[in-house]
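Structure first, commentary second.
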Amino acid sequence: MSLLAQTTWWLPPDFSEHGWQIDRLINWLHYFMAVLFVGWGVFLAYCMTRFTWKRVSMAHYTPVKAKASKVIEVAVIIFEVILLVVFSMPVLAKYKNEPPTPADNPFEVHVVAQQFAWNIHYPGPDGIFGKRDIKFVKDATNPIGLDRDGDPNAKDDIVSNNQMPLPAGRHIIVKVTSKDVIHSFNIPMLRVKQDAVPGIEIPVWFKVKEGTTSDAIREQMARTVVVPAAGESTTAYELWCRNNLTFDEVKGADGQVVLKKGAEPGKDHLEALRAAGVKELRVGPRDPVEIHCTQLCGLTHYKMRGQVLIQSQADFDKWYEEKAKGTGDFIED
């Protein structure tokens, strides 16, 4: 489990407007499975002690007639129907039948998965996606095969590798596909998950809660850690790197900056922190909202991670304008 895991029962924090419905269903399923687990455990223990060879000397070949088991079976069936009809089906029906309309002013972005990266495709200022063709694919400069020369709508398109800036408080439509094998586009903190299938472009939509930003999420997930002793240097360094942590600005007793905000921690930083008399550090995840691939897609499947940068609409517009002024080449942040 990550060092910065939220103190919830079993789910990561949710920053989407629809996620609470999914969480409610998952919670009810866990409660139901817990009851079944305890019930079957008690029944198993009873059978193991009651029906031993010392207590039961002869086998009975007639069916056992018991009302309790039938009542329990009917109760389980009724509860499963409730889970399906009352919780699951309404959520799915509302989601599939009520996509964002043009009146909602949704922002559309395309995601093209590949081994082992996420290619994020934004339309240019014209709002029109350029055409893609497999014959134009070049992994280094044109991974999604945009027809930059033949299609005028593709000239101003923005392509980002593993970086997905999005505005908060606005409907987002993501059209997901893959150019090699089946992947699974998953953003746990936004309760978004959709398989990426070659040859099929599948839409998924969501809305980040108003006022949410990656900086605010990072601050919410920040923790205070103790600066390790000299003998623990390597362990601490590996822990920080493995959890992809970033630091607030740290000053020593003399007021001098020992560690700049956002600095990548190294072993040399530990010595400087100890020398400056720093005992504790405020740390947070460098990329709090991540894109995961949840479909085993190859040898380095575990490395297929991207980052969602949630911004205010104003900050997103500023980023969008700056990227749109580029040459149209492949952008890798």
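Naming scheme: A, B, ... for chains in displayed order of the structure tokens; residues 1 onward per chain; ligands 1 onward as shown.
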
- Could you pull the residues within 10 Å of A:Lys323, counting only C-alpha atoms, minus those fewer than 6 positions along the same chain, as number ranges by chain? A: 124, 156-160, 317, 331

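Note that atom CA of A:Glu290 and atom CA of A:Ile187 are 6.1 Å apart.
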
- Query: Tell me, which residues of stretch 79-290 of chain A carry DSSP helix (DSSP H, G or I), written as number ranges by chain?
  - Reply: A: 79-97, 102-104, 134-136, 152-154, 188-190, 214-220, 230-242, 267-275

- Message: If you run DSSP on the backbone here, which positions in stretch 181-217 of chain A get strand (DSSP E or B)? Please write them as a ChimeraX atom specification.
- Response: /A:183-187,192-196,198,202-208

Selected residues, N, CA and C atoms, written as an mmCIF file, in the first residue's frame, please.
```
data_model
loop_
_atom_site.group_PDB
_atom_site.id
_atom_site.type_symbol
_atom_site.label_atom_id
_atom_site.label_comp_id
_atom_site.auth_asym_id
_atom_site.auth_seq_id
_atom_site.Cartn_x
_atom_site.Cartn_y
_atom_site.Cartn_z
ATOM 1 N N HIS A 183 -6.008 -2.815 -23.675
ATOM 2 C CA HIS A 183 -5.589 -2.169 -22.436
ATOM 3 C C HIS A 183 -6.856 -1.805 -21.652
ATOM 4 N N SER A 184 -6.682 -1.218 -20.484
ATOM 5 C CA SER A 184 -7.835 -0.763 -19.706
ATOM 6 C C SER A 184 -7.520 0.598 -19.109
ATOM 7 N N PHE A 185 -8.242 1.613 -19.555
ATOM 8 C CA PHE A 185 -8.053 2.992 -19.123
ATOM 9 C C PHE A 185 -8.760 3.187 -17.788
ATOM 10 N N ASN A 186 -7.981 3.439 -16.740
ATOM 11 C CA ASN A 186 -8.546 3.490 -15.400
ATOM 12 C C ASN A 186 -7.987 4.686 -14.628
ATOM 13 N N ILE A 187 -8.901 5.543 -14.120
ATOM 14 C CA ILE A 187 -8.522 6.646 -13.237
ATOM 15 C C ILE A 187 -9.266 6.406 -11.929
ATOM 16 N N VAL A 192 -13.299 6.134 -13.063
ATOM 17 C CA VAL A 192 -13.412 5.954 -14.514
ATOM 18 C C VAL A 192 -12.652 4.701 -14.897
ATOM 19 N N LYS A 193 -13.300 3.835 -15.663
ATOM 20 C CA LYS A 193 -12.626 2.627 -16.132
ATOM 21 C C LYS A 193 -13.276 2.159 -17.425
ATOM 22 N N GLN A 194 -12.459 1.977 -18.452
ATOM 23 C CA GLN A 194 -12.980 1.559 -19.748
ATOM 24 C C GLN A 194 -11.895 0.806 -20.503
ATOM 25 N N ASP A 195 -12.241 -0.377 -21.018
ATOM 26 C CA ASP A 195 -11.279 -1.134 -21.823
ATOM 27 C C ASP A 195 -10.960 -0.387 -23.107
ATOM 28 N N ALA A 196 -9.683 -0.435 -23.494
ATOM 29 C CA ALA A 196 -9.240 0.150 -24.764
ATOM 30 C C ALA A 196 -9.024 -0.996 -25.746
ATOM 31 N N PRO A 198 -8.483 -2.434 -29.685
ATOM 32 C CA PRO A 198 -8.024 -2.043 -31.028
ATOM 33 C C PRO A 198 -9.178 -2.024 -32.032
ATOM 34 N N ILE A 202 -14.341 3.791 -27.919
ATOM 35 C CA ILE A 202 -15.409 3.681 -26.929
ATOM 36 C C ILE A 202 -15.442 4.943 -26.071
ATOM 37 N N PRO A 203 -16.580 5.627 -26.005
ATOM 38 C CA PRO A 203 -16.655 6.850 -25.189
ATOM 39 C C PRO A 203 -16.915 6.550 -23.712
ATOM 40 N N VAL A 204 -16.334 7.356 -22.859
ATOM 41 C CA VAL A 204 -16.616 7.324 -21.433
ATOM 42 C C VAL A 204 -16.645 8.775 -20.966
ATOM 43 N N TRP A 205 -17.562 9.127 -20.082
ATOM 44 C CA TRP A 205 -17.688 10.529 -19.691
ATOM 45 C C TRP A 205 -17.789 10.658 -18.174
ATOM 46 N N PHE A 206 -17.367 11.812 -17.695
ATOM 47 C CA PHE A 206 -17.357 12.078 -16.264
ATOM 48 C C PHE A 206 -17.219 13.578 -16.052
ATOM 49 N N LYS A 207 -17.283 13.990 -14.787
ATOM 50 C CA LYS A 207 -17.131 15.397 -14.435
ATOM 51 C C LYS A 207 -16.405 15.488 -13.103
ATOM 52 N N VAL A 208 -15.300 16.206 -13.097
ATOM 53 C CA VAL A 208 -14.550 16.407 -11.858
ATOM 54 C C VAL A 208 -15.292 17.443 -11.011
#
```

- Task: Please indicate the distance in Å from atom CA of A:Ser214 to atom CA of A:Gln311, rounded to one decimal place.
- Result: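 So the answer is 6.7 Å.
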
- So which one's closest to A:Thr212, A:Met58, A:Cys47, A:Leu245, A:Leu190? Using only C-alpha atoms, please.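 Selected residue with least distance to A:Thr212: A:Leu190.
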
- Message: Just the number, please: distance in Å from atom CA of A:Asp180 to atom CA of A:Gln114, one decimal.
- Response: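 Separation of atom CA of A:Asp180 and atom CA of A:Gln114: 5.9 Å.
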
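Summary of the local environment: counting only C-alpha atoms, residues at most 12 Å from stretch 39-41 of chain A, other than itself and those fewer than 6 positions away along its chain, are Phe32, Met33, Cys47, Met48, Ser69, Ile72 and Val76 of chain A.
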